[in-house]
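Enquirer: Here you go, this is target.csv (CSV, C-alpha atoms and all ligand atoms).
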```csv
chain,number,residue,atom,x,y,z
A,1,MET,CA,9.1,25.1,-12.3
A,2,ASP,CA,11.2,22.0,-12.9
A,3,THR,CA,13.5,20.5,-10.3
A,4,GLU,CA,15.8,17.6,-10.1
A,5,ILE,CA,14.9,14.9,-7.5
A,6,THR,CA,16.1,11.4,-6.6
A,7,LEU,CA,13.5,8.9,-5.5
A,8,ARG,CA,14.4,5.6,-3.9
A,9,VAL,CA,11.9,3.2,-5.3
A,10,ASP,CA,11.8,-0.6,-4.6
A,11,GLY,CA,15.4,-0.5,-3.5
A,12,ALA,CA,16.9,1.6,-6.3
A,13,ALA,CA,17.8,5.3,-6.5
A,14,ARG,CA,16.3,7.0,-9.5
A,15,SER,CA,17.1,10.6,-10.5
A,16,LEU,CA,14.7,12.6,-12.6
A,17,THR,CA,13.7,16.1,-13.4
A,18,VAL,CA,10.0,16.9,-12.6
A,19,ASP,CA,7.7,19.8,-12.6
A,20,THR,CA,7.2,20.6,-8.9
A,21,ARG,CA,3.5,19.9,-9.2
A,22,THR,CA,4.1,16.3,-10.2
A,23,THR,CA,2.6,13.7,-7.8
A,24,LEU,CA,4.5,10.7,-6.6
A,25,LEU,CA,2.0,8.5,-8.5
A,26,ASP,CA,2.7,10.3,-11.8
A,27,ALA,CA,6.5,10.3,-11.2
A,28,LEU,CA,6.3,6.5,-10.6
A,29,ARG,CA,4.0,5.6,-13.5
A,30,GLU,CA,4.7,8.2,-16.2
A,31,ARG,CA,8.4,8.9,-15.6
A,32,LEU,CA,9.8,5.8,-14.0
A,33,ARG,CA,7.5,3.3,-15.8
A,34,ASN,CA,6.7,1.6,-12.5
A,35,THR,CA,3.1,0.6,-13.2
A,36,SER,CA,2.5,-1.2,-10.0
A,37,PRO,CA,0.5,1.6,-8.3
A,38,LYS,CA,-2.6,2.4,-10.3
A,39,LYS,CA,-4.4,5.7,-11.0
A,40,GLY,CA,-8.1,5.2,-10.1
A,41,CYS,CA,-9.6,8.4,-8.9
A,42,ASP,CA,-6.5,10.6,-8.6
A,43,HIS,CA,-8.3,12.2,-5.7
A,44,GLY,CA,-7.3,10.1,-2.7
A,45,GLN,CA,-10.6,8.2,-2.7
A,46,CYS,CA,-9.9,4.7,-4.1
A,47,GLY,CA,-6.6,3.5,-2.7
A,48,ALA,CA,-5.4,2.0,-6.1
A,49,CYS,CA,-2.3,4.2,-5.9
A,50,THR,CA,-1.3,3.0,-2.4
A,51,VAL,CA,2.5,2.7,-1.8
A,52,LEU,CA,4.6,2.5,1.3
A,53,LEU,CA,6.6,5.6,2.2
A,54,ASP,CA,9.2,4.6,4.9
A,55,GLY,CA,6.9,1.8,5.8
A,56,ARG,CA,3.7,3.8,6.1
A,57,ARG,CA,1.0,3.5,3.5
A,58,VAL,CA,0.1,6.6,1.5
A,59,ASN,CA,-2.1,7.5,-1.4
A,60,SER,CA,0.7,8.4,-3.9
A,61,CYS,CA,-1.8,10.6,-5.9
A,62,LEU,CA,-1.9,12.9,-2.9
A,63,VAL,CA,1.9,13.2,-2.4
A,64,LEU,CA,4.1,15.6,-4.4
A,65,ALA,CA,7.2,13.8,-5.6
A,66,VAL,CA,9.4,16.7,-4.5
A,67,THR,CA,8.3,16.2,-0.9
A,68,VAL,CA,9.5,12.6,-0.7
A,69,GLY,CA,13.2,13.3,-0.2
A,70,ASP,CA,15.2,10.2,0.6
A,71,ALA,CA,12.3,8.3,2.0
A,72,GLU,CA,12.0,4.6,0.9
A,73,VAL,CA,9.2,4.2,-1.6
A,74,ILE,CA,7.9,0.6,-1.8
A,75,THR,CA,5.3,-0.6,-4.3
A,76,SER,CA,3.7,-4.0,-4.4
A,77,ASP,CA,6.4,-5.1,-6.9
A,78,GLY,CA,9.0,-4.1,-4.4
A,79,LEU,CA,7.5,-6.1,-1.6
A,80,ALA,CA,8.9,-9.2,-3.2
A,81,THR,CA,12.4,-10.0,-2.2
A,82,ASP,CA,15.0,-12.3,-3.8
A,83,ASP,CA,12.6,-13.3,-6.5
A,84,ARG,CA,10.2,-14.5,-3.8
A,85,PRO,CA,6.7,-13.0,-3.5
A,86,HIS,CA,5.9,-11.3,-0.2
A,87,PRO,CA,3.8,-13.5,2.2
A,88,LEU,CA,0.9,-11.3,1.4
A,89,HIS,CA,1.2,-12.0,-2.3
A,90,ASP,CA,1.2,-15.7,-1.5
A,91,SER,CA,-1.7,-15.4,0.9
A,92,PHE,CA,-3.8,-13.4,-1.6
A,93,VAL,CA,-3.2,-16.2,-4.2
A,94,GLU,CA,-4.0,-18.9,-1.6
A,95,HIS,CA,-7.2,-17.3,-0.5
A,96,ASP,CA,-8.2,-16.2,-4.0
A,97,GLY,CA,-7.9,-12.6,-2.8
A,98,PHE,CA,-6.3,-11.4,-6.0
A,99,GLN,CA,-8.7,-9.4,-8.0
A,100,CYS,CA,-8.1,-7.2,-11.0
A,101,GLY,CA,-4.7,-5.8,-11.6
A,102,TYR,CA,-6.1,-2.4,-10.9
A,103,CYS,CA,-7.0,-2.6,-7.3
A,104,THR,CA,-4.8,-5.5,-6.1
A,105,PRO,CA,-1.4,-3.8,-5.9
A,106,GLY,CA,-2.9,-1.1,-3.7
A,107,GLN,CA,-4.7,-3.7,-1.6
A,108,VAL,CA,-1.5,-5.6,-1.0
A,109,CYS,CA,0.5,-2.5,-0.1
A,110,SER,CA,-2.2,-1.4,2.2
A,111,ALA,CA,-2.3,-4.8,3.9
A,112,ALA,CA,1.5,-4.5,4.5
A,113,GLY,CA,0.8,-1.2,6.1
A,114,VAL,CA,-2.0,-2.7,8.2
A,115,LEU,CA,0.3,-5.4,9.5
A,116,ALA,CA,3.0,-2.8,10.4
A,117,GLU,CA,0.4,-0.6,12.2
A,118,ALA,CA,-0.7,-3.7,14.2
A,119,ARG,CA,2.8,-4.6,15.1
A,120,ALA,CA,3.4,-1.0,16.3
A,121,GLY,CA,0.2,-1.2,18.4
A,122,TRP,CA,-1.7,1.6,16.6
A,123,PRO,CA,-5.4,1.5,17.4
A,124,SER,CA,-8.1,2.1,14.7
A,125,HIS,CA,-11.6,3.5,14.8
A,126,VAL,CA,-13.0,0.1,15.8
A,127,THR,CA,-10.4,-0.8,18.4
A,128,GLU,CA,-12.5,-1.5,21.6
A,129,ASP,CA,-9.8,-1.4,24.3
A,130,LEU,CA,-7.5,1.5,23.7
A,131,THR,CA,-5.5,0.6,26.8
A,132,ALA,CA,-4.7,-3.0,25.7
A,133,GLU,CA,-1.2,-4.0,25.0
A,134,GLY,CA,-0.8,-4.4,21.2
A,135,VAL,CA,-3.5,-4.8,18.6
A,136,THR,CA,-5.3,-7.9,17.5
A,137,LEU,CA,-6.3,-7.9,13.8
A,138,THR,CA,-9.8,-9.2,14.1
A,139,ASP,CA,-11.9,-9.3,10.9
A,140,ALA,CA,-13.5,-6.1,11.9
A,141,GLU,CA,-10.1,-4.5,12.4
A,142,ILE,CA,-9.0,-5.7,9.0
A,143,ARG,CA,-12.1,-4.4,7.3
A,144,GLU,CA,-11.8,-1.0,9.0
A,145,ARG,CA,-8.1,-0.6,8.2
A,146,MET,CA,-8.5,-1.7,4.6
A,147,SER,CA,-11.6,0.5,4.0
A,148,GLY,CA,-9.6,3.0,2.1
A,149,ASN,CA,-9.0,0.5,-0.7
A,150,LEU,CA,-12.0,0.3,-2.9
A,151,CYS,CA,-12.9,-2.4,-5.4
A,152,ARG,CA,-15.3,-1.3,-8.2
A,153,CYS,CA,-16.8,-4.9,-8.1
A,154,ALA,CA,-17.1,-5.2,-4.3
A,155,ALA,CA,-15.2,-8.4,-4.4
A,156,TYR,CA,-13.8,-8.1,-0.9
A,157,ALA,CA,-14.8,-11.4,0.7
A,158,ASN,CA,-11.4,-13.2,0.2
A,159,ILE,CA,-9.2,-10.3,1.1
A,160,VAL,CA,-10.0,-10.4,4.8
A,161,PRO,CA,-8.9,-14.1,5.2
A,162,ALA,CA,-5.8,-13.4,3.1
A,163,VAL,CA,-4.7,-10.6,5.4
A,164,ALA,CA,-5.9,-12.5,8.5
A,165,ALA,CA,-3.7,-15.5,7.6
A,166,VAL,CA,-0.5,-13.4,7.5
A,167,ALA,CA,-1.6,-11.5,10.6
A,168,GLU,CA,-1.9,-14.9,12.4
A,169,LYS,CA,1.6,-15.9,11.3
A,170,GLU,CA,3.0,-12.6,12.5
A,171,GLY,CA,1.3,-12.9,15.9
A,172,VAL,CA,-1.0,-9.9,15.5
A,173,ARG,CA,-4.2,-12.0,15.4
A,201,LIG,S1,-5.7,7.1,-7.4
A,201,LIG,FE1,-5.0,7.7,-5.5
A,201,LIG,S2,-6.6,7.2,-4.1
A,201,LIG,FE2,-7.4,6.9,-6.1
A,202,LIG,S1,-11.5,-6.5,-8.7
A,202,LIG,FE1,-10.2,-4.7,-8.8
A,202,LIG,S2,-11.7,-3.1,-8.8
A,202,LIG,FE2,-12.9,-4.8,-8.5
```
Show me the file's structure as structure tokens.
Expert:
Amino acid sequence: MDTEITLRVDGAARSLTVDTRTTLLDALRERLRNTSPKKGCDHGQCGACTVLLDGRRVNSCLVLAVTVGDAEVITSDGLATDDRPHPLHDSFVEHDGFQCGYCTPGQVCSAAGVLAEARAGWPSHVTEDLTAEGVTLTDAEIRERMSGNLCRCAAYANIVPAVAAVAEKEGVR
């Protein structure tokens, strides 16, 4: 069954008609030509399709486009503002954390989600003191929180310092 939806993507409202089974990832890539999120596994296992949905990271291959409503969808492209890269973009460059174009947009979106989670004080599986005020993004925390984003080449070493540098500037490290 087809239905008309409006998605708010990277600050712009886009109306389209989709089969109700269309994933957010396919709507973005195939219908709206936004190729920032990538299709790796299409099964929620690699993180290449990560986008922010009202500020929270999701695997867009696991989200049906018709369920998104008027939530704000932000891709790695949309993290840039006023023609300026996001601090995470800069930090990934500075720390040589940029890898292939396949996994990096998802890594950057996920990192933005990690910073927001830390600012909100959300604990992770490796948080030692669940009663502490706020969250400190140690290397272990960053690794744990970024663990849903896989790289086929295992080139992770520079991503942790790239995220850590921004976390430090934001006061969550
Ligand atoms: S393509 Fe969505 S998690 Fe792999
Ligand atoms: S560098 Fe992107 S998958 Fe390995």
Enquirer: Find the distance between CA of Met146 in chain A and CA of Leu24 in chain A and write it in Å to one decimal.
Expert: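 Going from CA of Met146 in chain A over to CA of Leu24 in chain A, I get 21.2 Å.
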Enquirer: Every residue with an atom at most 10 Å from (-6.8, -12.1, 0.9) (file coordinates; all atoms listed in the file) is what I'm after, so could you write them as JSON, numbers by chain?
Expert: {"A": [88, 89, 90, 91, 92, 93, 94, 95, 96, 97, 98, 99, 104, 107, 108, 111, 156, 157, 158, 159, 160, 161, 162, 163, 164, 165, 166]}
Enquirer: Enumerate as an NGL selection string the residues within 7 Å of ligand LIG 202 (chain A), counting all atoms listed in the file.
Expert: :A and (99-104 or 150-155)
Enquirer: For Thr17 in chain A, work out the shell of residues within 12 Å, counting only C-alpha atoms and skipping chain neighbours fewer than 5 positions away, then give it as a list in words.
Expert: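 Listing them by chain and then by number gives Met1, Asp2, Thr3, Glu4, Ile5, Thr6, Leu7, Thr22, Ala27, Arg31, Leu32, Ala65 and Val66 of chain A.
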Enquirer: May I have the selected residues written with C-alpha atoms, as a CSV table (one decimal), keeping the file's coordinate frame?
Expert:
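Result file part-v6.csv:
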```csv
chain,number,residue,atom,x,y,z
A,1,MET,CA,9.1,25.1,-12.3
A,2,ASP,CA,11.2,22.0,-12.9
A,3,THR,CA,13.5,20.5,-10.3
A,4,GLU,CA,15.8,17.6,-10.1
A,5,ILE,CA,14.9,14.9,-7.5
A,6,THR,CA,16.1,11.4,-6.6
A,7,LEU,CA,13.5,8.9,-5.5
A,22,THR,CA,4.1,16.3,-10.2
A,27,ALA,CA,6.5,10.3,-11.2
A,31,ARG,CA,8.4,8.9,-15.6
A,32,LEU,CA,9.8,5.8,-14.0
A,65,ALA,CA,7.2,13.8,-5.6
A,66,VAL,CA,9.4,16.7,-4.5
```
Enquirer: Residues up to 8 Å from ligand LIG 201 (chain A), counting all atoms listed in the file: could you list those as a PDB file with C-alpha atoms, in the frame of the given file?
Expert:
```pdb
ATOM      1  CA  LEU A  25       2.000   8.500  -8.500  1.00  0.00           C
ATOM      2  CA  LYS A  38      -2.600   2.400 -10.300  1.00  0.00           C
ATOM      3  CA  LYS A  39      -4.400   5.700 -11.000  1.00  0.00           C
ATOM      4  CA  GLY A  40      -8.100   5.200 -10.100  1.00  0.00           C
ATOM      5  CA  CYS A  41      -9.600   8.400  -8.900  1.00  0.00           C
ATOM      6  CA  ASP A  42      -6.500  10.600  -8.600  1.00  0.00           C
ATOM      7  CA  HIS A  43      -8.300  12.200  -5.700  1.00  0.00           C
ATOM      8  CA  GLY A  44      -7.300  10.100  -2.700  1.00  0.00           C
ATOM      9  CA  GLN A  45     -10.600   8.200  -2.700  1.00  0.00           C
ATOM     10  CA  CYS A  46      -9.900   4.700  -4.100  1.00  0.00           C
ATOM     11  CA  GLY A  47      -6.600   3.500  -2.700  1.00  0.00           C
ATOM     12  CA  ALA A  48      -5.400   2.000  -6.100  1.00  0.00           C
ATOM     13  CA  CYS A  49      -2.300   4.200  -5.900  1.00  0.00           C
ATOM     14  CA  THR A  50      -1.300   3.000  -2.400  1.00  0.00           C
ATOM     15  CA  ASN A  59      -2.100   7.500  -1.400  1.00  0.00           C
ATOM     16  CA  SER A  60       0.700   8.400  -3.900  1.00  0.00           C
ATOM     17  CA  CYS A  61      -1.800  10.600  -5.900  1.00  0.00           C
ATOM     18  CA  LEU A  62      -1.900  12.900  -2.900  1.00  0.00           C
ATOM     19  CA  ASN A 149      -9.000   0.500  -0.700  1.00  0.00           C
TER      20      ASN A 149
END
```
Enquirer: Have a look at A:Leu130, A:Ala120, A:Val9, A:Leu137 and name the one nearest to Val51 in chain A; count only C-alpha atoms.
Expert: A:Val9
Enquirer: Using Å and a single decimal, report how far CA of Leu115 in chain A sits from CA of Thr35 in chain A.
Expert: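 For CA of Thr35 in chain A relative to CA of Leu115 in chain A, the distance reads 23.6 Å.
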Enquirer: Which of these residues is nearest to Ser110 in chain A, using only C-alpha atoms: A:Thr138, A:Ser147, A:Thr131, A:Thr23?
Expert: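 Checking each of A:Thr138, A:Ser147, A:Thr131, A:Thr23 against Ser110 in chain A, counting only C-alpha atoms, the winner is A:Ser147.
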Enquirer: At what distance in Å, to one decimal, does CA of Glu72 in chain A lie from CA of Asp54 in chain A?
Expert: 4.9 Å
Enquirer: Using all atoms listed in the file, which of A:Ala140, A:Ala132, A:Val73, A:Ala116 sits nearest Ala167 in chain A?
Expert: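 The shortest atom-to-atom distance to Ala167 in chain A comes from A:Ala116.
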Enquirer: Residues at most 8 Å from Glu141 in chain A, counting only C-alpha atoms, excluding those fewer than 6 positions away in the same chain, as a ChimeraX atom specification?
Expert: /A:124,126-127
